[in-house]
$ cat target-v8.csv   # CSV, C-alpha atoms and all ligand atoms
chain,number,residue,atom,x,y,z
V,29,MET,CA,41.1,255.0,85.1
V,30,ILE,CA,38.2,254.2,87.5
V,31,LYS,CA,35.6,256.9,87.9
V,32,SER,CA,32.9,257.1,90.5
V,33,TYR,CA,29.2,257.9,90.1
V,34,ILE,CA,26.1,258.4,92.2
V,35,LYS,CA,24.1,255.2,91.8
V,36,SER,CA,21.2,256.4,93.8
V,37,ILE,CA,20.3,259.4,96.0
V,38,SER,CA,17.5,260.0,98.4
V,39,PHE,CA,16.5,262.4,101.2
V,40,HIS,CA,14.4,262.7,104.3
V,41,VAL,CA,13.0,265.7,106.2
V,42,PRO,CA,11.1,265.4,109.4
V,43,GLU,CA,7.3,265.9,109.2
V,44,LYS,CA,7.0,269.0,111.4
V,45,VAL,CA,7.0,272.3,109.5
V,46,ILE,CA,7.9,275.6,111.0
V,47,THR,CA,6.5,278.5,108.9
V,48,ASN,CA,7.8,282.1,109.0
V,49,ASP,CA,4.5,283.0,110.7
V,50,ASP,CA,5.3,280.4,113.4
V,51,LEU,CA,8.7,282.1,114.0
V,52,ALA,CA,7.0,285.5,114.2
V,53,GLN,CA,5.1,284.2,117.2
V,54,VAL,CA,8.3,283.7,119.2
V,55,MET,CA,10.6,286.5,117.9
V,56,ASP,CA,10.4,289.9,116.4
V,57,THR,CA,10.3,288.9,112.7
V,58,SER,CA,7.8,288.6,109.9
V,59,ASP,CA,7.1,286.4,106.9
V,60,GLU,CA,7.7,289.4,104.7
V,61,TRP,CA,11.2,290.1,106.2
V,62,ILE,CA,12.3,286.5,105.9
V,63,LYS,CA,10.9,285.9,102.4
V,64,THR,CA,12.3,289.1,100.9
V,65,ARG,CA,15.8,288.7,102.4
V,66,THR,CA,16.2,284.9,102.0
V,67,GLY,CA,13.5,283.4,99.9
V,68,ILE,CA,12.6,281.0,102.8
V,69,GLU,CA,9.0,280.2,103.4
V,70,GLN,CA,9.2,277.3,105.8
V,71,ARG,CA,11.7,274.8,107.2
V,72,HIS,CA,11.3,271.2,108.7
V,73,SER,CA,12.1,270.4,112.3
V,74,VAL,CA,12.6,267.3,114.4
V,75,GLY,CA,10.7,269.2,117.1
V,76,ASP,CA,10.9,267.4,120.4
V,77,GLN,CA,11.3,263.9,118.9
V,78,CYS,CA,14.9,263.5,120.2
V,79,LEU,CA,16.2,262.7,116.7
V,80,GLY,CA,19.8,263.4,115.6
V,81,PRO,CA,21.4,263.6,112.2
V,82,ALA,CA,22.2,259.8,112.5
V,83,ASP,CA,18.5,259.1,112.7
V,84,LEU,CA,17.6,261.3,109.7
V,85,GLY,CA,20.6,260.0,107.8
V,86,ALA,CA,19.5,256.4,108.4
V,87,ILE,CA,16.0,257.0,107.0
V,88,ALA,CA,17.5,258.7,103.9
V,89,ALA,CA,20.0,255.9,103.4
V,90,LYS,CA,17.4,253.1,103.6
V,91,LYS,CA,15.5,254.9,100.8
V,92,ALA,CA,18.7,255.2,98.7
V,93,LEU,CA,19.5,251.5,99.2
V,94,ASP,CA,15.9,250.4,98.3
V,95,LYS,CA,15.9,252.6,95.2
V,96,SER,CA,19.1,250.8,93.9
V,97,ASN,CA,18.2,247.3,95.2
V,98,THR,CA,21.4,247.3,97.2
V,99,ASN,CA,21.9,245.2,100.3
V,100,LYS,CA,23.3,246.9,103.3
V,101,GLU,CA,25.9,244.1,103.5
V,102,ASP,CA,27.4,245.4,100.3
V,103,ILE,CA,28.2,248.8,101.8
V,104,ASP,CA,32.0,248.9,102.3
V,105,PHE,CA,32.4,252.5,103.7
V,106,VAL,CA,30.4,255.4,105.2
V,107,ILE,CA,31.2,259.1,105.0
V,108,PHE,CA,29.0,261.2,107.2
V,109,ALA,CA,28.9,264.9,106.9
V,110,THR,CA,27.3,267.0,109.6
V,111,SER,CA,27.9,270.2,111.5
V,112,THR,CA,25.4,269.3,114.2
V,113,PRO,CA,26.7,265.9,115.5
V,114,ASP,CA,24.6,263.7,117.7
V,115,TYR,CA,27.6,263.4,120.1
V,116,TYR,CA,30.6,265.4,120.9
V,117,VAL,CA,32.6,262.2,120.5
V,118,PRO,CA,32.4,259.9,118.6
V,119,GLY,CA,31.2,261.3,115.3
V,120,SER,CA,27.7,260.6,113.9
V,121,GLY,CA,29.0,258.1,111.5
V,122,ALA,CA,29.4,255.5,114.3
V,123,LEU,CA,25.8,256.1,115.5
V,124,PHE,CA,24.6,255.9,111.9
V,125,GLN,CA,26.4,252.6,111.4
V,126,GLU,CA,24.7,251.1,114.5
V,127,LYS,CA,21.3,252.4,113.5
V,128,MET,CA,21.7,250.9,110.0
V,129,GLY,CA,22.9,247.6,111.4
V,130,LEU,CA,26.0,247.8,109.2
V,131,ASN,CA,28.9,245.4,110.0
V,132,THR,CA,32.4,246.6,111.0
V,133,ILE,CA,33.2,248.7,107.9
V,134,GLY,CA,35.0,252.0,108.4
V,135,VAL,CA,33.1,255.2,108.9
V,136,LEU,CA,34.5,258.7,108.5
V,137,ASP,CA,33.1,262.0,109.7
V,138,ILE,CA,33.3,265.3,107.9
V,139,ARG,CA,32.8,268.6,109.7
V,140,GLN,CA,32.8,271.0,106.8
V,141,GLY,CA,29.5,272.9,107.5
V,142,CYS,CA,27.5,273.8,104.4
V,143,SER,CA,30.3,272.3,102.1
V,144,GLY,CA,30.0,269.0,103.9
V,145,PHE,CA,28.3,267.1,101.2
V,146,VAL,CA,30.7,268.3,98.4
V,147,TYR,CA,33.7,267.4,100.6
V,148,ALA,CA,32.2,264.0,101.5
V,149,LEU,CA,31.4,263.2,97.9
V,150,THR,CA,35.0,264.2,96.9
V,151,VAL,CA,36.5,261.8,99.5
V,152,ALA,CA,34.2,259.0,98.3
V,153,ASP,CA,35.3,259.7,94.7
V,154,GLN,CA,38.9,259.3,95.7
V,155,PHE,CA,38.2,256.1,97.7
V,156,ILE,CA,36.4,254.6,94.7
V,157,LYS,CA,39.2,255.6,92.4
V,158,SER,CA,41.7,253.8,94.6
V,159,GLY,CA,40.0,250.6,93.5
V,160,ASP,CA,39.6,249.4,97.1
V,161,TYR,CA,35.9,250.4,97.6
V,162,LYS,CA,32.8,249.6,95.7
V,163,ASN,CA,29.7,250.9,97.5
V,164,ILE,CA,30.2,254.0,99.7
V,165,LEU,CA,27.3,255.6,101.5
V,166,VAL,CA,27.7,259.4,101.6
V,167,ILE,CA,25.4,261.1,104.1
V,168,GLY,CA,24.8,264.8,104.7
V,169,ALA,CA,22.5,265.2,107.7
V,170,GLU,CA,21.7,268.1,109.9
V,171,VAL,CA,19.5,268.8,113.0
V,172,GLN,CA,19.8,272.6,113.3
V,173,THR,CA,16.4,273.5,114.9
V,174,THR,CA,17.3,272.2,118.3
V,175,GLN,CA,20.3,274.4,118.7
V,176,LEU,CA,19.1,277.7,117.1
V,177,ASP,CA,18.5,280.8,119.2
V,178,PHE,CA,14.8,281.3,118.8
V,179,ASP,CA,14.8,284.6,120.6
V,180,ASN,CA,15.1,288.2,119.3
V,181,GLU,CA,18.9,288.1,119.7
V,182,GLY,CA,19.2,285.1,117.5
V,183,ARG,CA,16.7,286.1,114.8
V,184,GLY,CA,19.4,287.0,112.3
V,185,THR,CA,20.4,283.3,112.0
V,186,ALA,CA,17.6,281.2,113.5
V,187,VAL,CA,15.2,282.0,110.6
V,188,LEU,CA,17.7,280.6,108.1
V,189,PHE,CA,18.2,276.9,109.1
V,190,GLY,CA,16.2,273.7,108.9
V,191,ASP,CA,16.6,270.0,109.5
V,192,GLY,CA,17.0,267.2,106.9
V,193,ALA,CA,19.3,264.5,105.5
V,194,THR,CA,20.4,263.1,102.2
V,195,ALA,CA,22.1,259.8,101.3
V,196,ALA,CA,24.0,259.0,98.1
V,197,LEU,CA,25.3,255.6,97.1
V,198,VAL,CA,28.6,256.1,95.3
V,199,CYS,CA,30.0,253.3,93.2
V,200,PRO,CA,32.6,252.7,90.4
V,201,SER,CA,31.2,254.0,87.0
V,202,VAL,CA,30.1,251.5,84.5
V,203,ASP,CA,30.1,253.9,81.5
V,204,ASP,CA,31.3,257.5,80.9
V,205,SER,CA,29.0,259.0,83.5
V,206,GLY,CA,30.3,260.0,86.9
V,207,ILE,CA,32.4,262.6,88.7
V,208,LEU,CA,34.6,264.5,86.3
V,209,SER,CA,36.4,266.8,88.8
V,210,SER,CA,36.2,268.4,92.2
V,211,HIS,CA,37.8,271.5,93.6
V,212,LEU,CA,37.9,272.2,97.3
V,213,HIS,CA,39.0,275.3,99.2
V,214,SER,CA,39.2,276.7,102.7
V,215,GLN,CA,40.1,280.0,104.2
V,216,GLY,CA,40.4,279.7,108.0
V,217,LYS,CA,41.0,283.4,108.3
V,218,PHE,CA,37.2,283.9,108.4
V,219,VAL,CA,36.5,281.2,111.0
V,220,SER,CA,34.9,283.6,113.4
V,221,GLU,CA,32.4,284.9,110.9
V,222,LEU,CA,30.1,281.8,111.1
V,223,GLY,CA,30.1,279.0,113.5
V,224,THR,CA,29.3,277.5,117.0
V,225,GLU,CA,32.2,278.0,119.4
V,226,TYR,CA,31.0,276.2,122.5
V,227,PRO,CA,31.3,273.6,123.8
V,228,SER,CA,35.0,274.0,123.4
V,229,SER,CA,37.9,271.9,124.8
V,230,LYS,CA,40.0,275.1,124.9
V,231,TYR,CA,38.2,276.1,128.1
V,232,LYS,CA,38.4,274.2,131.4
V,233,ASP,CA,34.7,273.7,131.8
V,234,ILE,CA,34.0,273.2,128.1
V,235,ILE,CA,30.7,275.0,128.6
V,236,THR,CA,29.8,277.3,131.5
V,237,VAL,CA,26.6,278.8,132.8
V,238,ASP,CA,28.0,282.2,131.5
V,239,ASN,CA,28.4,280.7,128.0
V,240,VAL,CA,24.8,279.6,128.1
V,241,LYS,CA,23.7,283.0,129.4
V,242,ASN,CA,25.7,284.7,126.6
V,243,ARG,CA,24.1,282.3,124.1
V,244,ASP,CA,27.6,281.2,123.0
V,245,HIS,CA,26.4,277.7,122.3
V,246,HIS,CA,24.2,278.8,119.5
V,247,ILE,CA,25.4,279.3,115.9
V,248,HIS,CA,26.4,282.8,115.3
V,249,MET,CA,27.0,284.6,112.0
V,250,ASN,CA,28.1,287.8,110.4
V,251,GLY,CA,25.5,287.7,107.7
V,252,ARG,CA,26.8,290.5,105.6
V,253,GLU,CA,30.4,289.2,105.6
V,254,VAL,CA,29.1,285.7,104.7
V,255,PHE,CA,27.0,287.1,101.9
V,256,LYS,CA,29.9,289.0,100.4
V,257,HIS,CA,32.3,286.0,100.3
V,258,ALA,CA,29.6,283.6,99.1
V,259,VAL,CA,28.7,285.6,96.1
V,260,ARG,CA,32.4,285.8,95.2
V,261,ARG,CA,33.4,282.1,95.9
V,262,PHE,CA,30.4,280.4,94.3
V,263,PRO,CA,31.0,281.7,90.8
V,264,GLU,CA,34.7,281.4,91.1
V,265,VAL,CA,34.7,277.7,92.0
V,266,ILE,CA,32.0,276.9,89.4
V,267,LEU,CA,34.2,278.5,86.8
V,268,GLU,CA,37.3,276.7,88.2
V,269,GLY,CA,35.5,273.3,87.6
V,270,LEU,CA,34.3,274.3,84.1
V,271,THR,CA,37.8,275.6,83.0
V,272,TYR,CA,39.4,272.4,84.3
V,273,ASN,CA,37.1,270.3,82.2
V,274,ASN,CA,37.3,272.6,79.2
V,275,LEU,CA,33.5,273.2,79.5
V,276,LYS,CA,31.4,276.4,79.0
V,277,LEU,CA,28.3,277.3,80.9
V,278,GLU,CA,26.3,276.3,77.8
V,279,ASP,CA,27.5,272.7,78.3
V,280,ILE,CA,26.0,272.6,81.8
V,281,ALA,CA,22.4,271.4,82.2
V,282,LEU,CA,22.0,272.6,85.8
V,283,ILE,CA,24.0,274.2,88.6
V,284,ILE,CA,22.9,272.8,92.0
V,285,PRO,CA,24.2,275.2,94.6
V,286,HIS,CA,24.1,274.8,98.4
V,287,GLN,CA,20.8,276.4,99.5
V,288,ALA,CA,22.0,279.3,101.7
V,289,ASN,CA,19.8,282.1,100.6
V,290,LEU,CA,17.8,282.9,97.4
V,291,ARG,CA,19.5,286.3,97.1
V,292,ILE,CA,22.9,284.6,97.1
V,293,THR,CA,21.8,282.2,94.4
V,294,GLN,CA,20.4,285.1,92.3
V,295,ALA,CA,23.6,287.1,92.7
V,296,VAL,CA,25.6,284.0,91.6
V,297,GLN,CA,23.3,283.6,88.6
V,298,LYS,CA,23.7,287.2,87.7
V,299,LYS,CA,27.5,287.1,87.9
V,300,LEU,CA,27.6,284.0,85.7
V,301,ASP,CA,25.1,285.6,83.4
V,302,ALA,CA,23.2,282.3,83.5
V,303,PRO,CA,19.5,281.9,82.5
V,304,ASP,CA,16.9,281.2,85.2
V,305,ASN,CA,16.6,277.5,84.2
V,306,LYS,CA,20.3,276.8,84.8
V,307,ILE,CA,20.4,277.2,88.6
V,308,PHE,CA,18.3,275.2,91.0
V,309,SER,CA,16.6,276.5,94.1
V,310,ASN,CA,14.3,274.8,96.7
V,311,ILE,CA,15.2,277.0,99.7
V,312,HIS,CA,11.6,278.2,100.1
V,313,LYS,CA,10.6,274.7,101.3
V,314,TYR,CA,13.6,273.7,103.5
V,315,GLY,CA,15.7,276.7,104.5
V,316,ASN,CA,19.4,276.0,104.8
V,317,THR,CA,19.9,272.4,105.7
V,318,THR,CA,23.7,272.8,105.7
V,319,ALA,CA,25.4,269.5,104.9
V,320,ALA,CA,22.1,268.0,103.5
V,321,SER,CA,21.1,270.9,101.2
V,322,VAL,CA,23.0,270.0,98.0
V,323,GLY,CA,21.9,266.4,98.1
V,324,ILE,CA,18.2,267.3,98.8
V,325,ALA,CA,18.4,269.8,95.9
V,326,LEU,CA,19.9,267.2,93.6
V,327,CYS,CA,17.1,264.7,94.6
V,328,GLU,CA,14.4,267.3,93.8
V,329,ALA,CA,16.1,268.3,90.5
V,330,LEU,CA,16.0,264.7,89.5
V,331,GLU,CA,12.3,264.3,90.5
V,332,GLN,CA,11.5,267.3,88.4
V,333,LYS,CA,13.5,266.0,85.5
V,334,ARG,CA,15.7,269.0,85.5
V,335,VAL,CA,18.6,266.5,85.3
V,336,GLU,CA,18.5,263.6,82.8
V,337,ARG,CA,21.0,260.8,82.0
V,338,GLY,CA,24.0,262.2,80.1
V,339,ASP,CA,23.6,265.7,81.4
V,340,THR,CA,26.6,267.5,82.8
V,341,ILE,CA,25.9,269.3,86.1
V,342,VAL,CA,27.7,271.2,88.8
V,343,LEU,CA,27.3,270.8,92.6
V,344,VAL,CA,28.7,273.7,94.5
V,345,ALA,CA,28.8,274.8,98.1
V,346,PHE,CA,30.1,277.6,100.4
V,347,GLY,CA,29.9,277.9,104.2
V,348,ALA,CA,31.5,278.1,107.6
V,349,GLY,CA,35.3,278.1,107.6
V,350,PHE,CA,35.0,279.6,105.1
V,351,GLN,CA,35.1,276.4,103.1
V,352,TRP,CA,33.8,276.0,99.6
V,353,GLY,CA,34.0,273.6,96.6
V,354,SER,CA,32.5,272.4,93.4
V,355,ILE,CA,32.0,269.0,91.7
V,356,VAL,CA,31.4,268.7,87.9
V,357,LEU,CA,29.7,265.4,87.1
V,358,LYS,CA,28.1,263.7,84.2
V,359,TRP,CA,24.8,262.2,85.3
H,401,LIG,C1,21.2,287.0,107.2
H,401,LIG,C2,20.8,288.0,106.2
H,401,LIG,C3,19.5,287.5,105.5
H,401,LIG,C4,20.5,289.4,106.8
H,401,LIG,O1,20.1,290.3,105.9
H,401,LIG,P1,20.8,291.8,105.9
H,401,LIG,O2,20.2,292.5,104.8
H,401,LIG,O3,22.3,291.6,105.9
H,401,LIG,O4,20.3,292.3,107.3
H,401,LIG,P2,21.1,292.9,108.5
H,401,LIG,O5,21.8,291.8,109.2
H,401,LIG,O6,21.9,294.0,108.0
H,401,LIG,O7,19.9,293.4,109.4
H,401,LIG,C5,19.1,294.4,108.9
H,401,LIG,C6,18.0,294.7,110.0
H,401,LIG,O8,17.2,293.6,110.1
H,401,LIG,C7,17.1,293.1,111.4
H,401,LIG,N1,16.9,291.7,111.5
H,401,LIG,C8,17.8,290.7,111.5
H,401,LIG,N2,17.2,289.5,111.5
H,401,LIG,C9,15.9,289.8,111.4
H,401,LIG,C10,14.8,288.9,111.3
H,401,LIG,N3,14.8,287.6,111.3
H,401,LIG,N4,13.5,289.5,111.2
H,401,LIG,C11,13.4,290.9,111.2
H,401,LIG,N5,14.5,291.7,111.3
H,401,LIG,C12,15.7,291.1,111.4
H,401,LIG,C13,18.5,293.5,112.0
H,401,LIG,O9,18.4,293.6,113.4
H,401,LIG,C14,18.7,294.9,111.4
H,401,LIG,O10,17.9,295.8,112.1
H,401,LIG,P3,18.6,297.3,112.3
H,401,LIG,O11,18.7,297.9,110.9
H,401,LIG,O12,17.5,297.9,113.1
H,401,LIG,O13,19.8,297.1,113.0
H,401,LIG,C15,21.9,288.2,105.1
H,401,LIG,O14,23.0,288.9,105.6
H,401,LIG,C16,22.4,286.9,104.5
H,401,LIG,O15,21.6,286.2,103.8
H,401,LIG,N6,23.6,286.5,104.7
H,401,LIG,C17,24.2,285.3,104.3
H,401,LIG,C18,23.8,284.3,105.3
H,401,LIG,C19,23.9,282.9,104.9
H,401,LIG,O16,23.5,282.5,103.8
H,401,LIG,N7,24.5,282.0,105.7
H,401,LIG,C20,24.5,280.6,105.5
H,401,LIG,C21,25.8,280.1,105.5
H,401,LIG,S1,26.3,279.7,103.8

$ encode --input "target-v8.csv" --output "structure tokens" --more "lines below"
Ligand SMILES: CC(C)(COP(=O)(O)OP(=O)(O)OC[C@H]1O[C@@H](n2cnc3c(N)ncnc32)[C@H](O)[C@@H]1OP(=O)(O)O)[C@@H](O)C(=O)NCCC(=O)NCCS
Amino acid sequence: MIKSYIKSISFHVPEKVITNDDLAQVMDTSDEWIKTRTGIEQRHSVGDQCLGPADLGAIAAKKALDKSNTNKEDIDFVIFATSTPDYYVPGSGALFQEKMGLNTIGVLDIRQGCSGFVYALTVADQFIKSGDYKNILVIGAEVQTTQLDFDNEGRGTAVLFGDGATAALVCPSVDDSGILSSHLHSQGKFVSELGTEYPSSKYKDIITVDNVKNRDHHIHMNGREVFKHAVRRFPEVILEGLTYNNLKLEDIALIIPHQANLRITQAVQKKLDAPDNKIFSNIHKYGNTTAASVGIALCEALEQKRVERGDTIVLVAFGAGFQWGSIVLKW
């Protein structure tokens, strides 16, 4: 049976850095509050460069192709995950395709919030397994800082998010490495706890002056409710993947979770009774980059040699929807 593997992976974050102290200049917050509650010290931002996720994704993708000596002409499909699309319609995948100068291959957009990369990688895995595709680019890219509410009313969410992109080249495995399993879940019951509701086609004017006044076009979140579900679902879906593969925590070299909040990661570690070196965190540098975060974390774990060839690792995410999932893979 065909398996898929990540042949190469890269990331890109814009140069501009917003520190916690910078945020304290524009809203009633402090470095101490943000660091203690979230572990975040800074995040990257496109600033006023007018760049969207397709732009950041293209930079990350070029690096991934260079790394693996792959010609863009060999790419036969693109899966683009973002929750902050460049356009309302079409999805960012089409813009990405144009920026990359790819030919008329198919592109698919994924709108699964923080679980976007795990969902996108799962779809790529299934496409590769079908035998019809050989080189799929999976992009997770996000431009959050242009739509956050950098005012006192938005401080509960604005301090959490940052911009960035990751790109993975997914191909048929040539040995026993690759994706072993993936488990995806969703619970739309909690859709109102985290999201951006406007612009919405449900309403005649899509977005009104009143929406803007009420700040309805910014992301909103019930932080405590998200926290509660995240610390339950992360360990649950990690264990689901391990059980499916007949593996124990000791068999796993590293768990790479979506970077939502250091306190969430620590609570997950505690629930699993995992040692410090078994769970990866880089949230202090980037904040929550939503669909990009798992890929960026995997890139840095590889750079730091926390993942070596032959290691079994778990990628895991939870976010808006609520939607969550895990992938167990042999590197
Ligand atoms: C967002 C989060 C850090 C807030 O922490 P919390 O301990 O739940 O804090 P609360 O929302 O209860 O707010 C506590 C106080 O801090 C204040 N506060 C909120 N944001 C603040 C900020 N940036 N700076 C300073 N004070 C802030 C609140 O207004 C509140 O003040 P009050 O007690 O006077 O009403 C936390 O709920 C969380 O991490 N949730 C998960 C979020 C997440 O990871 N989402 C990503 C999607 S996967």

$ residues_around --input "target-v8.csv" --residues "Ser214 of chain V" --least-positions-apart "6" --cutoff "9 Å" --atoms "only C-alpha atoms" --output "MDAnalysis selection string"
chainID V and resid 349:353

$ atom_distance --input "target-v8.csv" --atom1 "atom CA of Val166 of chain V" --atom2 "atom CA of Ser120 of chain V"
12.4 Å

$ residues_around --input "target-v8.csv" --residues "Lys90 of chain V" --least-positions-apart "4" --cutoff "9 Å" --atoms "all atoms listed in the file" --output "list in words"
Ser38, Gly85, Ala86, Asp94, Lys95, Lys100, Met128 and Ala195 of chain V

$ residues_near_ligand --input "target-v8.csv" --ligand "ligand LIG 401 (chain H)" --cutoff "6 Å" --atoms "all atoms listed in the file" --output "list in words"
Thr57, Ser58, Trp61, Arg65, Thr66, Arg183, Gly184, Val187, Gly251, Arg252, Val254, Phe255, Ala288, Asn289, Phe346 and Gly347 of chain V

$ closest_residue --input "target-v8.csv" --among "V:Lys230, V:His72, V:His213, V:Lys333" --to "Asn316 of chain V" --atoms "only C-alpha atoms"
V:His72

$ atom_distance --input "target-v8.csv" --atom1 "atom CA of Arg261 of chain V" --atom2 "atom CA of Thr110 of chain V"
21.3 Å

$ closest_residue --input "target-v8.csv" --among "V:Leu93, V:Gly338, V:Val296, V:Ile46" --to "Asp59 of chain V" --atoms "all atoms listed in the file"
V:Ile46

$ residues_around --input "target-v8.csv" --residues "Gly75 of chain V" --least-positions-apart "4" --cutoff "8 Å" --atoms "all atoms listed in the file" --output "MDAnalysis selection string"
chainID V and resid 44 173:174

$ write_last_selection --input "target-v8.csv" --atoms "C-alpha atoms" --output "compact mmCIF listing (two decimals), in the frame of the given file"
# COMPACT_ATOMS: atom_id res chain seq x y z
CA LYS V 44 7.00 269.00 111.40
CA THR V 173 16.40 273.50 114.90
CA THR V 174 17.30 272.20 118.30

$ decode --input "target-v8.csv" --residues "segment 109-123 of chain V" --atoms "N, CA, C and O atoms" --output "mmCIF file, in the first residue's frame"
data_model
loop_
_atom_site.group_PDB
_atom_site.id
_atom_site.type_symbol
_atom_site.label_atom_id
_atom_site.label_comp_id
_atom_site.auth_asym_id
_atom_site.auth_seq_id
_atom_site.Cartn_x
_atom_site.Cartn_y
_atom_site.Cartn_z
ATOM 1 N N ALA V 109 -4.088 25.849 3.411
ATOM 2 C CA ALA V 109 -4.873 26.035 4.640
ATOM 3 C C ALA V 109 -4.658 27.443 5.192
ATOM 4 O O ALA V 109 -3.525 27.867 5.403
ATOM 5 N N THR V 110 -5.740 28.148 5.383
ATOM 6 C CA THR V 110 -5.674 29.457 6.049
ATOM 7 C C THR V 110 -7.046 29.793 6.630
ATOM 8 O O THR V 110 -8.068 29.329 6.115
ATOM 9 N N SER V 111 -7.040 30.589 7.689
ATOM 10 C CA SER V 111 -8.322 31.096 8.193
ATOM 11 C C SER V 111 -8.406 32.598 7.968
ATOM 12 O O SER V 111 -9.367 33.239 8.377
ATOM 13 N N THR V 112 -7.362 33.155 7.330
ATOM 14 C CA THR V 112 -7.355 34.594 7.047
ATOM 15 C C THR V 112 -7.091 34.791 5.554
ATOM 16 O O THR V 112 -6.035 35.304 5.164
ATOM 17 N N PRO V 113 -8.035 34.373 4.694
ATOM 18 C CA PRO V 113 -7.761 34.340 3.253
ATOM 19 C C PRO V 113 -7.533 35.737 2.650
ATOM 20 O O PRO V 113 -8.078 36.725 3.144
ATOM 21 N N ASP V 114 -6.758 35.749 1.583
ATOM 22 C CA ASP V 114 -6.488 37.007 0.866
ATOM 23 C C ASP V 114 -7.804 37.611 0.345
ATOM 24 O O ASP V 114 -8.016 38.814 0.427
ATOM 25 N N TYR V 115 -8.635 36.751 -0.245
ATOM 26 C CA TYR V 115 -9.907 37.182 -0.845
ATOM 27 C C TYR V 115 -11.053 36.448 -0.142
ATOM 28 O O TYR V 115 -10.866 35.364 0.396
ATOM 29 N N TYR V 116 -12.240 37.042 -0.258
ATOM 30 C CA TYR V 116 -13.452 36.351 0.183
ATOM 31 C C TYR V 116 -13.683 35.160 -0.762
ATOM 32 O O TYR V 116 -13.971 34.053 -0.339
ATOM 33 N N VAL V 117 -13.574 35.418 -2.064
ATOM 34 C CA VAL V 117 -13.610 34.385 -3.119
ATOM 35 C C VAL V 117 -12.670 34.831 -4.227
ATOM 36 O O VAL V 117 -12.683 36.015 -4.571
ATOM 37 N N PRO V 118 -11.846 34.033 -4.840
ATOM 38 C CA PRO V 118 -11.638 32.622 -4.552
ATOM 39 C C PRO V 118 -10.690 32.443 -3.370
ATOM 40 O O PRO V 118 -10.168 33.414 -2.820
ATOM 41 N N GLY V 119 -10.437 31.190 -3.016
ATOM 42 C CA GLY V 119 -9.541 30.889 -1.916
ATOM 43 C C GLY V 119 -8.101 31.281 -2.226
ATOM 44 O O GLY V 119 -7.741 31.540 -3.374
ATOM 45 N N SER V 120 -7.280 31.313 -1.187
ATOM 46 C CA SER V 120 -5.883 31.740 -1.341
ATOM 47 C C SER V 120 -5.069 30.794 -2.218
ATOM 48 O O SER V 120 -4.024 31.187 -2.751
ATOM 49 N N GLY V 121 -5.534 29.545 -2.374
ATOM 50 C CA GLY V 121 -4.804 28.579 -3.203
ATOM 51 C C GLY V 121 -4.621 29.100 -4.625
ATOM 52 O O GLY V 121 -3.542 28.949 -5.220
ATOM 53 N N ALA V 122 -5.651 29.730 -5.172
ATOM 54 C CA ALA V 122 -5.579 30.246 -6.549
ATOM 55 C C ALA V 122 -4.574 31.392 -6.632
ATOM 56 O O ALA V 122 -3.797 31.490 -7.589
ATOM 57 N N LEU V 123 -4.571 32.256 -5.624
ATOM 58 C CA LEU V 123 -3.606 33.366 -5.616
ATOM 59 C C LEU V 123 -2.181 32.835 -5.480
ATOM 60 O O LEU V 123 -1.253 33.329 -6.108
#
